[in-house]
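What follows is the content of coords20.cif (mmCIF, C-alpha atoms and all ligand atoms).
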data_start
loop_
_atom_site.label_atom_id
_atom_site.label_comp_id
_atom_site.auth_asym_id
_atom_site.auth_seq_id
_atom_site.Cartn_x
_atom_site.Cartn_y
_atom_site.Cartn_z
CA MET A 295 225.51 -93.58 22.09
CA ALA A 296 223.56 -92.51 25.19
CA LYS A 297 225.52 -90.44 27.68
CA LYS A 298 226.31 -92.15 30.95
CA ILE A 299 225.06 -90.79 34.23
CA ILE A 300 225.81 -91.22 37.94
CA ILE A 301 223.09 -92.83 40.05
CA THR A 302 223.28 -92.54 43.82
CA ILE A 303 221.21 -94.64 46.21
CA ASP A 304 221.23 -93.62 49.85
CA GLY A 305 219.00 -94.60 52.70
CA TRP A 306 218.51 -96.43 55.97
CA SER A 307 220.20 -99.72 56.82
CA SER A 308 218.61 -102.74 55.13
CA ALA A 309 216.25 -100.64 53.04
CA GLY A 310 217.21 -102.69 49.96
CA LYS A 311 219.75 -100.27 48.48
CA SER A 312 222.24 -102.85 47.25
CA THR A 313 219.57 -105.07 45.66
CA LEU A 314 218.27 -102.16 43.63
CA ALA A 315 221.73 -100.80 42.83
CA LYS A 316 222.89 -104.17 41.48
CA GLN A 317 219.78 -104.58 39.34
CA LEU A 318 220.14 -101.10 37.85
CA ALA A 319 223.84 -101.56 37.17
CA ARG A 320 223.25 -104.89 35.45
CA GLU A 321 220.41 -103.54 33.30
CA LEU A 322 222.25 -100.38 32.26
CA GLY A 323 225.68 -101.97 31.90
CA TYR A 324 227.01 -99.69 34.66
CA VAL A 325 229.51 -100.35 37.44
CA TYR A 326 228.03 -101.02 40.87
CA VAL A 327 229.92 -99.72 43.90
CA ASP A 328 228.94 -100.67 47.43
CA SER A 329 230.42 -97.82 49.47
CA GLY A 330 229.35 -99.48 52.74
CA ALA A 331 231.67 -102.38 51.89
CA MET A 332 234.60 -99.94 52.03
CA TYR A 333 233.75 -98.86 55.58
CA ARG A 334 233.17 -102.48 56.55
CA ALA A 335 236.56 -103.54 55.12
CA VAL A 336 238.34 -100.75 57.03
CA THR A 337 236.54 -101.95 60.18
CA LEU A 338 237.71 -105.51 59.55
CA TYR A 339 241.29 -104.29 59.16
CA PHE A 340 241.13 -102.21 62.36
CA LEU A 341 239.70 -105.12 64.37
CA ARG A 342 242.16 -107.68 63.03
CA ASN A 343 245.14 -105.41 63.64
CA HIS A 344 243.96 -104.11 67.01
CA ILE A 345 244.05 -100.50 65.85
CA ASP A 346 243.09 -98.00 68.52
CA TRP A 347 240.73 -95.90 66.42
CA THR A 348 240.46 -93.21 69.06
CA ASP A 349 244.11 -92.38 68.26
CA LYS A 350 244.28 -90.18 65.16
CA THR A 351 247.92 -90.99 64.34
CA GLU A 352 247.29 -94.71 64.64
CA VAL A 353 244.30 -94.38 62.31
CA GLN A 354 246.30 -92.36 59.77
CA ASN A 355 249.13 -94.90 59.77
CA ALA A 356 246.76 -97.83 59.48
CA LEU A 357 244.96 -96.27 56.50
CA LYS A 358 248.30 -96.07 54.66
CA ASP A 359 248.48 -99.87 54.81
CA ILE A 360 245.01 -100.43 53.43
CA GLN A 361 244.33 -101.02 49.79
CA LEU A 362 240.76 -101.56 48.70
CA ASP A 363 239.51 -102.60 45.32
CA PHE A 364 236.42 -104.08 43.78
CA ARG A 365 236.76 -107.05 41.45
CA PHE A 366 233.96 -108.47 39.37
CA ASN A 367 233.07 -112.08 40.18
CA GLU A 368 231.61 -113.84 37.13
CA MET A 369 230.05 -116.52 39.35
CA SER A 370 228.09 -114.15 41.60
CA GLY A 371 227.61 -111.62 38.80
CA SER A 372 228.64 -108.83 41.14
CA SER A 373 231.71 -106.91 42.20
CA GLU A 374 233.35 -107.97 45.43
CA ILE A 375 235.57 -106.00 47.74
CA HIS A 376 239.21 -106.95 48.25
CA LEU A 377 241.25 -105.77 51.22
CA ASN A 378 244.97 -105.88 50.41
CA ASP A 379 244.24 -108.50 47.71
CA GLU A 380 242.08 -110.70 49.93
CA ASN A 381 238.44 -111.17 49.00
CA VAL A 382 236.60 -110.11 52.18
CA GLU A 383 233.13 -109.73 50.68
CA TYR A 384 231.74 -112.50 52.89
CA LEU A 385 233.68 -111.70 56.08
CA ILE A 386 232.56 -108.07 56.22
CA ARG A 387 228.88 -109.06 56.44
CA ASP A 388 229.40 -110.50 59.93
CA LEU A 389 227.54 -108.92 62.85
CA VAL A 390 230.87 -108.29 64.62
CA ILE A 391 231.70 -105.85 61.81
CA ALA A 392 228.19 -104.37 61.76
CA GLU A 393 228.53 -103.59 65.46
CA LYS A 394 231.61 -101.39 64.98
CA VAL A 395 231.30 -100.03 61.46
CA SER A 396 229.22 -96.93 62.25
CA GLU A 397 231.69 -95.81 64.90
CA ILE A 398 234.60 -96.23 62.50
CA ALA A 399 232.69 -94.62 59.62
CA SER A 400 232.25 -91.49 61.77
CA ILE A 401 236.02 -90.85 61.87
CA LYS A 402 237.06 -87.93 59.66
CA GLU A 403 240.22 -89.59 58.30
CA VAL A 404 238.37 -92.80 57.45
CA ARG A 405 235.71 -90.87 55.53
CA ALA A 406 238.30 -88.86 53.62
CA PHE A 407 240.08 -92.10 52.70
CA ALA A 408 236.89 -93.74 51.39
CA VAL A 409 235.51 -90.64 49.63
CA THR A 410 238.77 -90.10 47.68
CA GLN A 411 238.44 -93.59 46.23
CA GLN A 412 234.72 -93.17 45.58
CA HIS A 413 235.41 -90.02 43.56
CA LYS A 414 237.97 -91.88 41.43
CA LEU A 415 235.47 -94.64 40.71
CA GLY A 416 232.98 -92.08 39.45
CA THR A 417 235.16 -90.11 37.07
CA LYS A 418 233.92 -91.93 33.98
CA LYS A 419 230.27 -91.92 35.13
CA GLY A 420 228.24 -95.03 34.25
CA ILE A 421 228.13 -95.89 37.93
CA VAL A 422 225.54 -96.81 40.55
CA MET A 423 226.84 -96.23 44.07
CA ASP A 424 224.92 -96.92 47.25
CA GLY A 425 225.59 -95.67 50.77
CA ARG A 426 224.60 -92.94 53.19
CA ASP A 427 226.19 -89.74 51.84
CA ILE A 428 226.58 -90.48 48.16
CA GLY A 429 223.96 -88.04 46.87
CA THR A 430 224.70 -85.38 49.49
CA VAL A 431 228.51 -85.37 49.70
CA VAL A 432 230.26 -87.76 47.34
CA PHE A 433 228.37 -86.95 44.12
CA PRO A 434 226.24 -83.87 44.86
CA HIS A 435 225.81 -83.32 41.09
CA ALA A 436 224.66 -86.86 40.27
CA GLU A 437 221.98 -86.96 37.59
CA LEU A 438 219.74 -89.36 39.54
CA LYS A 439 219.56 -89.58 43.32
CA ILE A 440 217.34 -92.08 45.08
CA PHE A 441 216.70 -92.11 48.82
CA MET A 442 215.34 -95.42 50.04
CA VAL A 443 213.08 -95.89 53.01
CA ALA A 444 211.00 -98.76 54.39
CA ASP A 445 209.23 -99.47 57.69
CA SER A 446 211.76 -100.47 60.30
CA ALA A 447 209.97 -103.78 61.08
CA VAL A 448 210.19 -104.71 57.40
CA ARG A 449 213.88 -103.83 57.27
CA VAL A 450 214.63 -105.90 60.39
CA GLU A 451 212.74 -108.88 58.97
CA ARG A 452 214.59 -108.70 55.65
CA ARG A 453 218.02 -108.45 57.28
CA PHE A 454 217.16 -111.27 59.69
CA LYS A 455 216.22 -113.60 56.82
CA GLU A 456 219.46 -112.77 55.04
CA MET A 457 221.67 -113.22 58.14
CA TYR A 458 219.88 -116.36 59.29
CA LYS A 459 221.05 -118.23 56.18
CA LYS A 460 224.67 -117.59 57.14
CA LYS A 461 224.37 -117.73 60.91
CA PRO A 462 221.33 -119.71 62.16
CA ASN A 463 221.95 -118.76 65.81
CA VAL A 464 221.46 -115.04 65.14
CA THR A 465 218.40 -113.57 66.90
CA ILE A 466 215.95 -111.04 65.58
CA GLU A 467 216.68 -108.84 68.63
CA GLU A 468 220.38 -108.68 67.73
CA ILE A 469 219.49 -107.60 64.22
CA ARG A 470 216.95 -105.03 65.43
CA ASP A 471 219.40 -103.53 67.94
CA ASN A 472 222.12 -103.31 65.31
CA ILE A 473 219.91 -101.65 62.71
CA GLN A 474 218.54 -99.15 65.25
CA MET A 475 222.02 -98.34 66.51
CA ARG A 476 223.45 -97.83 63.01
CA ASP A 477 220.47 -95.75 61.88
CA TYR A 478 220.92 -93.50 64.89
CA MET A 479 224.70 -93.16 64.61
CA ASP A 480 224.68 -92.72 60.83
CA SER A 481 222.06 -89.97 60.94
CA HIS A 482 223.48 -88.14 63.97
CA ARG A 483 227.20 -88.06 63.21
CA GLU A 484 228.94 -84.75 62.68
CA ILE A 485 230.49 -85.46 59.27
CA SER A 486 228.31 -86.41 56.30
CA PRO A 487 225.30 -87.66 58.26
CA LEU A 488 222.70 -89.77 56.52
CA LYS A 489 220.02 -87.50 55.11
CA LYS A 490 217.97 -87.16 51.97
CA ALA A 491 219.48 -84.79 49.43
CA ASP A 492 217.05 -82.01 48.51
CA ASP A 493 216.93 -83.23 44.93
CA ALA A 494 216.66 -86.95 45.71
CA ILE A 495 213.56 -88.98 44.88
CA GLU A 496 212.25 -90.85 47.90
CA LEU A 497 211.46 -94.49 47.27
CA ASP A 498 209.45 -96.23 49.99
CA ASN A 499 209.52 -99.93 49.28
CA THR A 500 207.63 -101.15 52.35
CA SER A 501 204.91 -102.63 50.20
CA LEU A 502 206.65 -102.93 46.85
CA THR A 503 208.06 -106.12 45.36
CA GLU A 504 211.68 -106.09 44.21
CA ASP A 505 210.52 -105.98 40.63
CA GLU A 506 208.09 -103.10 41.21
CA GLN A 507 210.80 -101.00 42.84
CA PHE A 508 213.24 -101.89 40.07
CA GLN A 509 210.80 -100.87 37.31
CA LYS A 510 210.16 -97.50 39.00
CA ALA A 511 213.85 -96.75 39.44
CA LEU A 512 214.67 -97.94 35.94
CA SER A 513 212.12 -95.58 34.44
CA TRP A 514 213.66 -92.66 36.37
CA ALA A 515 217.11 -93.66 35.17
CA LYS A 516 216.01 -93.91 31.54
CA GLU A 517 214.34 -90.51 31.76
CA ARG A 518 217.51 -88.91 33.14
CA ILE A 519 219.73 -90.63 30.56
CA LYS A 520 217.45 -89.42 27.75
CA SER A 521 217.56 -85.84 28.95
CA GLN A 522 221.39 -85.71 28.86
O1 LIG B 601 225.61 -100.11 53.46
P1 LIG B 601 226.05 -100.88 54.68
O2 LIG B 601 224.93 -101.17 55.63
O3 LIG B 601 226.85 -102.06 54.36
O4 LIG B 601 227.03 -99.85 55.40
C1 LIG B 601 227.67 -100.19 56.62
C2 LIG B 601 227.94 -98.93 57.40
O5 LIG B 601 228.92 -98.14 56.74
C3 LIG B 601 226.77 -97.99 57.63
O6 LIG B 601 225.96 -98.35 58.73
C4 LIG B 601 227.47 -96.67 57.86
O7 LIG B 601 227.92 -96.56 59.18
C5 LIG B 601 228.69 -96.78 56.97
N1 LIG B 601 228.53 -96.08 55.69
C6 LIG B 601 228.74 -94.72 55.66
N2 LIG B 601 228.70 -94.05 54.49
C7 LIG B 601 228.44 -94.68 53.34
C8 LIG B 601 228.18 -96.07 53.35
C9 LIG B 601 228.21 -96.75 54.56
O8 LIG B 601 228.98 -94.10 56.69
N3 LIG B 601 228.44 -94.00 52.20
#
Can I see the file as structure tokens?
Ligand code: C5P
Amino acid sequence: MAKKIIITIDGWSSAGKSTLAKQLARELGYVYVDSGAMYRAVTLYFLRNHIDWTDKTEVQNALKDIQLDFRFNEMSGSSEIHLNDENVEYLIRDLVIAEKVSEIASIKEVRAFAVTQQHKLGTKKGIVMDGRDIGTVVFPHAELKIFMVADSAVRVERRFKEMYKKKPNVTIEEIRDNIQMRDYMDSHREISPLKKADDAIELDNTSLTEDEQFQKALSWAKERIKSQ
């Protein structure tokens, strides 16, 4: 049987990371892990429980009360995040969460909490994980690292179309501001900033269809699996 590998997909907000990661996982029979969902779920918990995230002790105590796990949903064909047994997959996509998540994801204790769980999920390999620091920090020895980029106007348009279906009163300006803010904060933070790993393959999908990008990535994955 072919050896399993770890595939990491990092890149800018709304560059299409999760679409590609899900397709690869499905095709290869691997587990898909959306690391951004973990930071979003922590943000939801902090907002709901009025946690003062500038207070280190309060953050540490709050993290002790958070349990995150991914459960596969047969209906959607994808794994969904649960926060203390509640399925929050839909709730965490709200713009209210997107507005705070980068600030919360820059906190050292929050990152340590998420990375510990990400490591556990990768122990058996056979995993596709997307995020910002997966190829640089979480799995620096991953067999295949992809760094996704796309023109910012294209990314804004894609995210707008996705959000509009859920919230028709959302404006394109709100989406643009949020993406720009997260891109800036994620790439300028002190701990684990978003950057391309030296050994990552850059995938610019500005003018690629979903299938074209999938076929490219799949061929890289097959090559790496074969060379194990
Ligand atoms: O991937 P997604 O856009 O859902 O991620 C939401 C936010 O979570 C990012 O903007 C970033 O602030 C944070 N994040 C992170 N490290 C990761 C994944 C996400 O800091 N590995």
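Neighbours of ligand LIG 601 (chain B) at a cut-off of 7 Å, computed so that only C-alpha atoms and all ligand atoms are counted, are the residues Ser307, Ser308, Asp328, Ser329, Gly330, Ala331, Tyr333, Arg334, Ala392, Val395, Ser396, Glu397, Ala399, Ser400, Asp424, Gly425, Arg426, Asp427, Ile428, Arg476, Asp477 and Asp480 of chain A.
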Expressed in Å, the length from CA of Ala356 in chain A to CA of Asp304 in chain A is 27.6 Å
Nearest-residue call for Ile401 in chain A, choices A:Asp471, A:Glu517, A:Asp349, A:Asp493, using only C-alpha atoms: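 Of A:Asp471, A:Glu517, A:Asp349, A:Asp493, the one nearest Ile401 in chain A is A:Asp349, counting only C-alpha atoms.
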In Å, how far is it from CA of Lys358 in chain A to CA of Thr337 in chain A? 14.3 Å
One residue among A:Glu467, A:Glu484, A:Asp505, A:Glu437 is nearest to Val422 in chain A when using only C-alpha atoms, and that residue is A:Glu437
A:Arg365, A:Lys516, A:Lys459, A:Lys439: which is nearest Lys311 in chain A, counting all atoms listed in the file?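 The closest residue to Lys311 in chain A is A:Lys439.
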CA of Ile495 in chain A to CA of Ala296 in chain A: how many Å, to one decimal?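 Going from CA of Ile495 in chain A over to CA of Ala296 in chain A, I get 22.4 Å.
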Near Ala319 in chain A, counting all atoms listed in the file, which residues have an atom at most 9 Å away, once you skip same-chain residues fewer than 6 positions from it, shown as a compact mmCIF listing (two decimals) with C-alpha atoms, in the frame of the given file?
# COMPACT_ATOMS: atom_id res chain seq x y z
CA VAL A 325 229.51 -100.35 37.44
CA TYR A 326 228.03 -101.02 40.87
CA GLY A 420 228.24 -95.03 34.25
CA ILE A 421 228.13 -95.89 37.93
CA VAL A 422 225.54 -96.81 40.55
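The residue that comes closest to Ala511 in chain A, out of A:Phe433, A:Leu497, A:Asp445, A:Trp347 and on the basis of all atoms listed in the file, is A:Leu497.
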Nearest to Arg342 in chain A, restricted to all atoms listed in the file and choosing among A:Val327, A:Phe366, A:Ile391, A:Arg449, comes out as A:Ile391
For a quick check of understanding, using all atoms listed in the file, which of A:Ile398, A:Phe441, A:Thr500, A:Arg483 has the smallest distance to Asp346 in chain A?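 Counting all atoms listed in the file, the residue closest to Asp346 in chain A is A:Ile398.
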Using all atoms listed in the file, which residues sit within 6 Å of Leu377 in chain A once same-chain residues fewer than 3 positions away are excluded, as a VMD selection string? chain A and resid 361 to 362 380
Shell around Glu496 in chain A at 8 Å using all atoms listed in the file, local window under 4 positions removed, as a ChimeraX atom specification: /A:440-443,490
